[in-house]
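Below is one structure, written out as structure tokens, with a few remarks after it.
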2 protein chains.
Amino acid sequence: MAIRLTDVADEAGVSLATASRVLNGSARKPAEEISEKVRAAAQKLGYFPNAQAQALARASTKLIGLVVHDIADPYFSSIARGVQKGIQANGIQLLLTSTGGEADREALAVRAFMSHRTDAIILSGSRRFSEDHELAELLESYQTNGGQVAMIGQPFPATGGIQLDNEGAASELAGELLKAGHRRFVVLAGNPDYMTAKHRADGFTGKLKRSGVPVETALYGAFSREGGYLAMGDYLDQAESQETANQICVFCVSDVMALGAIRAIRERGLRIPEDVAIAGFDDIPTLGDVTPSISTARLPLEEIGRLAGEMVVAHSNSKLVVMTGTPVLRESTER
Amino acid sequence: MAIRLTDVADEAGVSLATASRVLNGSARKPAEEISEKVRAAAQKLGYFPNAQAQALARASTKLIGLVVHDIADPYFSSIARGVQKGIQANGIQLLLTSTGGEADREALAVRAFMSHRTDAIILSGSRRFSEDHELAELLESYQTNGGQVAMIGQPFPATGGIQLDNEGAASELAGELLKAGHRRFVVLAGNPDYMTAKHRADGFTGKLKRSGVPVETALYGAFSREGGYLAMGDYLDQAESQETANQICVFCVSDVMALGAIRAIRERGLRIPEDVAIAGFDDIPTLGDVTPSISTARLPLEEIGRLAGEMVVAHSNSKLVVMTGTPVLRESTER
DNA sequence: CTGTTAGCGCATTCAC
DNA sequence: GTGAATGCGCTAACAG
């Protein structure tokens with residue numbers, strides 16, 4: 001690339017130091033007259049500061065890293081949108097990586113961010129019950145060196161961020177469904193190795209058990225649209241022969257899974273909510289475009305992302321903010 | 001931050017240059033014995049190469065920038081997903097910015113990417129008929145300095161990338177709709193300052209005119225869900241009193257607009273497709289979750305993103321790849 | 001095959 | 001208030 005600060009300084013007939021001072025504003029303020037000359041020279045030459053060189057000389061890159069499972073998933077893209085809003089005012093740039101939810105790729109992403117010396121790293125939707133050792137170590141060393149870390153979901157013990165009260169919200173949702181008159185429940189529990197999935201399933205199941213209406217069946221599978229589709233399909237195929245799928249209420253641990261499940265339900269000619277009621281979790285924007293409208297536990301995803309972004313730029317991410325979800329009953333669970 | 005290459009070299013008892021050679025692999029290969037020592041030292045000390053310093057010393061940052069209007073819009077998040085896939089194999093990181101489609105913020109984003117010396121910039125969904133001067137200049141200077149540029153949609157004359165045959169696909173879609181028996185058409189044309197919107201509307205309108213079935217009404221508005229919702233609502237409110245909204249087929253220049261329009265239609269108690277048929281453009285993933293299924297012109301979004309990513313890493317982005325869309329008729333336009 | 005040295009572009013002490 | 005010099009961490013000639 002071309003045109004350095006030196007060139008600008010030469011063009012303006014001042015020293016490198018002076019040029020640097022006017023173009024970035026340090027403690028010392030050069031005279032207005034000279035400043036004007038420098039700015040004019042920079043403009044004329046089309047000068048762009050080299051962020052790498054600045055990062056090296058300063059101690060900050062003005063870069064933050066965001067890792068998500070899948071940027072095409074509305075859950076994560078909503079969060080990403082929020083994060084952008086939370087950081088954009090400060091001229092900070094976003095480094096984004098999708099990991100597919102695989103532990104090793106997540107660690108790889110964090111490694112890359114560490115190499116790029118991002119000022120902060122935001123992890124969304126990551127925690128598992130297993131295999132998190134490497135990631136935890138990485139983050140610890142990152143923090144030791146002054147890096148900010150914020151997690152969205154279930155933070156590591158030593159990290160701050162946004163904790164989502166999945167269990168509580170799922171429990172509340174179960175309560176509302178009970179009130180609405182549902183008595184036969186099936187849970188599409190997703191992958192229980194993800195804390196998020198397990199907490200949601202447990203919250204829902206626990207509430208029902210305490211109310212004396214235990215869940216009839218819990219189904220496991222991928223924490224995705226496809227996972228919901230397959231799990232629901234298998235269940236229905238089996239239940240059909242036993243005439244047991246009637247008047248059932250299905251709770252999916254994420255909206256995306258619910259969307260998949262709905263497809264499986266429709267393909268078998270069953271009606272929602274007449275034959276089977278269904279509820280999800282998250283309230284992703286897509287839900288606004290689906291008919292019938294889907295019941296869910298609402299999480300303010302964009303807000304959560306924005307908050308996480310603001311926390312890391314303000315270096316106030318050592319604390320833990322708890323976000324709670326609110327049940328929203330819509331057409332898909334009407335009786 | 002801590003621990004530099006020098007530290008590793010000292011620990012291993014070799015020179016800086018040697019350490020650099022084994023840890024990054026240059027033309028010259030140090031002896032296996034010494035290499036092992038260096039790797040061990042790096043491992044023990046927890047060394048992470050400083051990407052900024054590397055970028056400064058090399059001439060490449062291994063960073064590419066992607067600018068989108070809104071990452072939460074499934075159109076763009078699908079493209080983003082593709083771009084990631086197209087570049088991930090090469091250890092390249094993605095810098096992402098959402099601009100809200102505003103020209104000045106787009107220029108700002110490109111400026112930021114230029115400062116960060118991204119090896120390439122991918123612009124998706126940007127071109128307007130007005131105000132593109134600044135952006136064009138910026139990109140030209142970027143390319144002059146060796147930066148790769150790929151645009152998705154309608155490339156600038158001097159840039160390469162992926163050209164979407166919006167006009168052709170819209171025309172084909174119109175033809176299919178005609179074949180299906182539709183005779184009364186309304187177009188939700190979005191914002192005609194966006195080339196994408198105009199080309200799609202023109203392609204559709206032109207085909208109908210040539211077929212002797214001219215479009216009855218063209219409505220303008222924002223190129224968004226909200227825009228579709230408002231434009232459709234206004235039309236229906238007006239048409240209702242004149243009993244003219246019957247058996248109409250509405251073409252929206254994007255699926256996202258169609259989703260908004262559908263909401264407006266449903267709120268007024270009209271049925272799809274019995275009362276009003278509707279078609280969109282893009283085939284965003286969300287469409288798979290909507291009932292009735294929506295007719296559209298399919299664009300392989302993820303594939304397009306992947307291709308753009310691969311083009312810029314291969315430096316083969318001077319050429320222009322034309323992607324054509326294919327009409328997909330589904331339930332929303334059944335007669 | 002390995003070590004020494006000179007920048008990469010900029011911020012920032014330190015003198016003037 | 002301004003300029004000269006040093007170093008940020010690393011790569012790439014250049015010697016040895």
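Chain labels A, B, ... are given in the sequence in which chains occur in the structure tokens; within each chain residues are numbered consecutively from 1, and ligands are likewise numbered from 1 in the order shown.
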
Worksheet item: When DSSP works through the backbone of this structure, what residues of range 18-201 of chain A end up as strand (DSSP E or B), shown as a PyMOL selection string?
Response: chain A and resi 63-68+93-98+120-124+128+148-153+160-165+185-190+194

Practice prompt. Using only C-alpha atoms (C1' of nucleotides), determine which residues of chain B fall within 6 Å of chain D; present them as a count of residues only.
Written response: 3

Please report, as a tab-separated table, each residue of chain A lying at most 10 Å from chain C, together with the nearest pair of atoms and the separation in Å rounded to one decimal; use only C-alpha atoms (C1' of nucleotides), and order rows by chain and ascending residue number.
```
residue	atom	partner	partner_atom	distance
A:Ile3	CA	C:DG9	C1'	9.9
A:Arg4	CA	C:DG9	C1'	6.8
A:Leu5	CA	C:DG9	C1'	7.4
A:Thr6	CA	C:DG9	C1'	8.5
A:Leu16	CA	C:DC10	C1'	9.1
A:Ala17	CA	C:DA11	C1'	8.2
A:Ser20	CA	C:DA11	C1'	7.6
A:Arg21	CA	C:DA11	C1'	8.9
A:Asn24	CA	C:DA11	C1'	9.8
A:Ser26	CA	C:DA11	C1'	9.3
A:Pro49	CA	C:DG9	C1'	8.5
A:Asn50	CA	C:DG9	C1'	6.6
A:Ala51	CA	C:DG9	C1'	9.0
A:Gln52	CA	C:DG9	C1'	8.1
A:Ala53	CA	C:DG9	C1'	5.0
A:Gln54	CA	C:DC10	C1'	5.4
A:Ala55	CA	C:DC10	C1'	8.6
A:Leu56	CA	C:DC10	C1'	7.9
A:Ala57	CA	C:DA11	C1'	5.4
A:Arg58	CA	C:DA11	C1'	6.4
```

Next, the residues of the selection above should be written as a tab-separated table (two decimals), in the first residue's frame with C-alpha atoms.
```tsv
chain	number	residue	atom	x	y	z
A	3	ILE	CA	1.13	6.93	1.27
A	4	ARG	CA	2.38	7.03	4.84
A	5	LEU	CA	2.29	9.57	7.57
A	6	THR	CA	5.83	10.50	6.63
A	16	LEU	CA	6.47	13.19	11.50
A	17	ALA	CA	5.65	13.79	15.13
A	20	SER	CA	0.89	12.39	14.01
A	21	ARG	CA	-0.29	14.81	16.65
A	24	ASN	CA	-4.85	11.76	15.83
A	26	SER	CA	-2.60	13.73	21.39
A	49	PRO	CA	-3.70	5.67	8.83
A	50	ASN	CA	-2.35	2.14	8.93
A	51	ALA	CA	-4.32	0.46	11.67
A	52	GLN	CA	-1.72	-2.28	12.06
A	53	ALA	CA	1.08	0.18	12.68
A	54	GLN	CA	-1.08	2.12	15.07
A	55	ALA	CA	-2.01	-1.01	16.91
A	56	LEU	CA	1.64	-1.91	17.25
A	57	ALA	CA	2.65	1.50	18.53
A	58	ARG	CA	-0.33	1.90	20.79
```

Practice prompt. State, in Å with one decimal place, the distance from CA of Gly305 in chain B to CA of Arg81 in chain B.
Written response: 7.1 Å

Ala89 in chain B: which residues within 12 Å, counting only C-alpha atoms (C1' of nucleotides), same-chain residues fewer than 3 positions away excluded, as a CSV table (one decimal) with C-alpha atoms, in the first residue's frame?
```
chain,number,residue,atom,x,y,z
A,105,ARG,CA,-13.2,-24.6,15.8
B,62,LYS,CA,-5.1,-11.9,6.2
B,83,VAL,CA,-18.3,-15.7,2.4
B,84,GLN,CA,-17.0,-17.3,5.6
B,85,LYS,CA,-17.1,-20.7,4.0
B,86,GLY,CA,-15.3,-19.3,1.0
B,92,ILE,CA,-8.4,-15.5,6.8
B,93,GLN,CA,-10.6,-13.5,9.2
B,306,ARG,CA,-18.9,-18.5,-1.0
B,309,GLY,CA,-15.0,-15.2,-0.9
B,310,GLU,CA,-13.1,-17.6,-3.1
B,313,VAL,CA,-8.7,-15.0,-2.0
```

Using only C-alpha atoms, find each residue of chain B with at least one atom at most 6 Å away from an atom of chain A; report its shortest atom-to-atom pair and that distance in Å (one decimal), sort the rows by chain and rising residue number, and return the result as a Markdown table.
```
| residue | atom | partner | partner_atom | distance |
| --- | --- | --- | --- | --- |
| B:Met1 | CA | A:Asn145 | CA | 4.8 |
| B:Phe48 | CA | A:Ser115 | CA | 5.6 |
| B:Pro49 | CA | A:Ser115 | CA | 5.5 |
| B:Asn50 | CA | A:Ser115 | CA | 5.2 |
| B:Ala51 | CA | A:His116 | CA | 4.8 |
| B:Gln52 | CA | A:Gln52 | CA | 4.9 |
| B:Ala72 | CA | A:Ser77 | CA | 4.8 |
| B:Ser77 | CA | A:Ala72 | CA | 4.9 |
| B:Ser78 | CA | A:Ala72 | CA | 5.3 |
| B:Arg81 | CA | A:Ala72 | CA | 6.0 |
| B:Leu94 | CA | A:Leu95 | CA | 5.6 |
| B:Leu95 | CA | A:Leu95 | CA | 4.7 |
| B:Leu96 | CA | A:Leu94 | CA | 5.7 |
| B:Ser115 | CA | A:Asn50 | CA | 5.2 |
| B:His116 | CA | A:Ala51 | CA | 4.8 |
| B:Asn145 | CA | A:Met1 | CA | 4.9 |
| B:Val290 | CA | A:Val290 | CA | 5.3 |
```

Item to complete: Could you pull out the residues in range 85-244 of chain B that DSSP calls alpha helix (DSSP H) from the backbone, as a ChimeraX atom specification?
Response: /B:85-87,103-115,133-144,166-179,195-210,225-242

Item to complete: Can you pull out every residue within 9 Å of Ala103 in chain B, counting only C-alpha atoms (C1' of nucleotides), but drop anything in the same chain fewer than 2 positions away, and send it as a PyMOL selection string?
Response: chain B and resi 99-101+105-108+126+128+131-132+134-135

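CA of Met151 in chain A is found 8.0 Å from CA of Gly125 in chain A.
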
Item to complete: Can you pull out every residue within 8 Å of Val14 in chain A, counting only C-alpha atoms (C1' of nucleotides), but drop anything in the same chain fewer than 5 positions away, and send it as a count of residues only?
Response: 3

When you look at Pro157 in chain A with a cut-off of 12 Å (counting only C-alpha atoms (C1' of nucleotides)), what residues show up, excluding the ones that are within fewer than 2 positions of it in the same chain? I need them as an mmCIF file with N, CA and C atoms, in the first residue's frame.
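In the end it all went to result_28.cif:
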```cif
data_model
loop_
_atom_site.group_PDB
_atom_site.id
_atom_site.type_symbol
_atom_site.label_atom_id
_atom_site.label_comp_id
_atom_site.auth_asym_id
_atom_site.auth_seq_id
_atom_site.Cartn_x
_atom_site.Cartn_y
_atom_site.Cartn_z
ATOM 1 N N ARG A 127 -21.158 -22.613 25.800
ATOM 2 C CA ARG A 127 -20.835 -23.560 26.876
ATOM 3 C C ARG A 127 -21.397 -24.969 26.714
ATOM 4 N N ALA A 136 -11.396 -22.655 28.098
ATOM 5 C CA ALA A 136 -11.276 -21.957 29.371
ATOM 6 C C ALA A 136 -9.845 -21.483 29.604
ATOM 7 N N GLU A 137 -8.899 -22.353 29.292
ATOM 8 C CA GLU A 137 -7.490 -21.988 29.455
ATOM 9 C C GLU A 137 -7.106 -20.820 28.560
ATOM 10 N N LEU A 139 -9.018 -18.541 27.297
ATOM 11 C CA LEU A 139 -9.634 -17.297 27.743
ATOM 12 C C LEU A 139 -8.941 -16.745 28.981
ATOM 13 N N GLU A 140 -8.527 -17.653 29.819
ATOM 14 C CA GLU A 140 -7.841 -17.206 31.025
ATOM 15 C C GLU A 140 -6.549 -16.481 30.659
ATOM 16 N N VAL A 149 -13.311 -10.283 28.112
ATOM 17 C CA VAL A 149 -14.138 -11.387 27.644
ATOM 18 C C VAL A 149 -15.561 -11.232 28.153
ATOM 19 N N ALA A 150 -16.517 -11.408 27.270
ATOM 20 C CA ALA A 150 -17.906 -11.438 27.708
ATOM 21 C C ALA A 150 -18.575 -12.641 27.073
ATOM 22 N N MET A 151 -19.281 -13.398 27.885
ATOM 23 C CA MET A 151 -19.982 -14.539 27.328
ATOM 24 C C MET A 151 -21.480 -14.293 27.385
ATOM 25 N N GLN A 154 -24.142 -18.957 29.344
ATOM 26 C CA GLN A 154 -23.641 -19.410 30.640
ATOM 27 C C GLN A 154 -22.153 -19.118 30.742
ATOM 28 N N PRO A 155 -21.773 -18.008 31.353
ATOM 29 C CA PRO A 155 -20.356 -17.639 31.457
ATOM 30 C C PRO A 155 -19.540 -18.664 32.234
ATOM 31 N N THR A 159 -15.291 -15.595 34.047
ATOM 32 C CA THR A 159 -15.635 -14.566 33.068
ATOM 33 C C THR A 159 -16.980 -13.923 33.386
ATOM 34 N N GLY A 160 -17.161 -12.714 32.900
ATOM 35 C CA GLY A 160 -18.440 -12.043 33.072
ATOM 36 C C GLY A 160 -19.238 -12.111 31.795
ATOM 37 N N GLY A 161 -20.262 -11.282 31.729
ATOM 38 C CA GLY A 161 -21.074 -11.253 30.522
ATOM 39 C C GLY A 161 -22.552 -11.261 30.830
ATOM 40 N N GLN A 163 -25.755 -13.487 31.528
ATOM 41 C CA GLN A 163 -26.268 -14.811 31.838
ATOM 42 C C GLN A 163 -27.747 -14.868 31.510
ATOM 43 N N SER A 318 -16.607 -7.547 33.734
ATOM 44 C CA SER A 318 -16.304 -8.523 34.769
ATOM 45 C C SER A 318 -17.587 -8.917 35.499
ATOM 46 N N LYS A 319 -18.526 -8.007 35.491
ATOM 47 C CA LYS A 319 -19.783 -8.337 36.173
ATOM 48 C C LYS A 319 -20.665 -9.244 35.332
ATOM 49 N N LEU A 320 -21.676 -9.790 35.981
ATOM 50 C CA LEU A 320 -22.576 -10.716 35.325
ATOM 51 C C LEU A 320 -23.980 -10.115 35.312
#
```

Practice prompt. Excluding Gly228 in chain B and residues on its chain fewer than 3 positions from it, collect all residues at most 12 Å away from it, counting only C-alpha atoms (C1' of nucleotides), and give them as number ranges by chain.
Written response: B: 187-191, 219-225, 231-235, 250-265, 278, 280

So that I have them on file, write out the residues from the current selection with N, CA and C atoms, as a compact mmCIF listing (two decimals), in the first residue's frame.
```
# COMPACT_ATOMS: atom_id res chain seq x y z
N VAL B 187 -47.09 -4.53 -8.43
CA VAL B 187 -45.68 -4.68 -8.08
C VAL B 187 -45.33 -3.81 -6.88
N LEU B 188 -44.75 -4.46 -5.86
CA LEU B 188 -44.19 -3.70 -4.74
C LEU B 188 -42.73 -3.47 -5.09
N ALA B 189 -42.45 -2.29 -5.60
CA ALA B 189 -41.17 -2.05 -6.26
C ALA B 189 -40.04 -1.59 -5.34
N GLY B 190 -40.33 -1.40 -4.07
CA GLY B 190 -39.29 -0.97 -3.15
C GLY B 190 -38.75 0.41 -3.47
N ASN B 191 -37.50 0.61 -3.16
CA ASN B 191 -36.86 1.90 -3.38
C ASN B 191 -36.14 1.90 -4.73
N LEU B 219 -45.99 0.11 -6.61
CA LEU B 219 -45.94 0.82 -5.34
C LEU B 219 -44.50 0.94 -4.87
N TYR B 220 -44.14 2.08 -4.35
CA TYR B 220 -42.77 2.29 -3.89
C TYR B 220 -42.71 2.40 -2.37
N GLY B 221 -41.57 2.14 -1.82
CA GLY B 221 -41.41 2.19 -0.37
C GLY B 221 -40.04 1.68 0.02
N ALA B 222 -39.85 1.49 1.29
CA ALA B 222 -38.55 1.01 1.75
C ALA B 222 -38.33 -0.43 1.29
N PHE B 223 -37.08 -0.78 1.06
CA PHE B 223 -36.68 -2.10 0.59
C PHE B 223 -36.51 -3.02 1.79
N SER B 224 -37.61 -3.16 2.55
CA SER B 224 -37.50 -3.89 3.81
C SER B 224 -38.86 -4.52 4.16
N ARG B 225 -38.86 -5.27 5.24
CA ARG B 225 -40.08 -5.91 5.70
C ARG B 225 -41.14 -4.84 5.99
N ALA B 231 -46.58 -0.56 2.30
CA ALA B 231 -47.03 -0.38 0.92
C ALA B 231 -48.25 -1.25 0.63
N MET B 232 -48.16 -2.50 1.07
CA MET B 232 -49.27 -3.42 0.82
C MET B 232 -50.52 -2.96 1.57
N GLY B 233 -50.31 -2.55 2.80
CA GLY B 233 -51.44 -2.09 3.61
C GLY B 233 -52.14 -0.90 2.97
N ASP B 234 -51.36 0.07 2.56
CA ASP B 234 -51.93 1.25 1.92
C ASP B 234 -52.75 0.86 0.71
N TYR B 235 -52.17 0.02 -0.08
CA TYR B 235 -52.86 -0.39 -1.31
C TYR B 235 -54.19 -1.07 -1.00
N VAL B 250 -49.50 -10.18 -6.46
CA VAL B 250 -48.54 -9.16 -6.03
C VAL B 250 -47.11 -9.67 -6.15
N PHE B 251 -46.27 -8.95 -6.87
CA PHE B 251 -44.85 -9.30 -6.95
C PHE B 251 -44.05 -8.32 -6.09
N CYS B 252 -43.34 -8.85 -5.12
CA CYS B 252 -42.50 -8.01 -4.27
C CYS B 252 -41.05 -8.19 -4.70
N VAL B 253 -40.31 -7.13 -4.77
CA VAL B 253 -38.94 -7.21 -5.28
C VAL B 253 -37.97 -7.86 -4.31
N SER B 254 -38.43 -8.27 -3.13
CA SER B 254 -37.61 -9.11 -2.26
C SER B 254 -38.52 -9.94 -1.36
N ASP B 255 -38.02 -11.09 -0.94
CA ASP B 255 -38.79 -11.95 -0.05
C ASP B 255 -39.13 -11.25 1.25
N VAL B 256 -38.17 -10.49 1.74
CA VAL B 256 -38.38 -9.81 3.02
C VAL B 256 -39.56 -8.85 2.91
N MET B 257 -39.64 -8.15 1.79
CA MET B 257 -40.80 -7.29 1.57
C MET B 257 -42.08 -8.12 1.48
N ALA B 258 -41.98 -9.26 0.81
CA ALA B 258 -43.15 -10.12 0.66
C ALA B 258 -43.67 -10.58 2.02
N LEU B 259 -42.74 -10.89 2.92
CA LEU B 259 -43.13 -11.31 4.26
C LEU B 259 -43.92 -10.19 4.95
N GLY B 260 -43.46 -8.98 4.79
CA GLY B 260 -44.18 -7.85 5.37
C GLY B 260 -45.55 -7.69 4.72
N ALA B 261 -45.58 -7.83 3.42
CA ALA B 261 -46.84 -7.68 2.68
C ALA B 261 -47.85 -8.73 3.12
N ILE B 262 -47.36 -9.95 3.32
CA ILE B 262 -48.24 -11.04 3.74
C ILE B 262 -48.92 -10.70 5.06
N ARG B 263 -48.17 -10.11 5.91
CA ARG B 263 -48.72 -9.74 7.20
C ARG B 263 -49.86 -8.73 7.01
N ALA B 264 -49.63 -7.75 6.14
CA ALA B 264 -50.66 -6.75 5.88
C ALA B 264 -51.90 -7.39 5.27
N ILE B 265 -51.68 -8.35 4.40
CA ILE B 265 -52.80 -9.03 3.76
C ILE B 265 -53.63 -9.80 4.79
N ILE B 278 -49.19 -14.02 -4.09
CA ILE B 278 -48.00 -13.20 -3.81
C ILE B 278 -46.71 -13.94 -4.16
N GLY B 280 -42.22 -13.41 -4.21
CA GLY B 280 -41.10 -12.59 -3.76
C GLY B 280 -39.89 -12.77 -4.66
```

Practice prompt. One decimal, Å: what's the distance from CA of Glu32 in chain A over to CA of Thr18 in chain A, could you say?
Written response: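 Distance reported for this atom pair: 11.8 Å.
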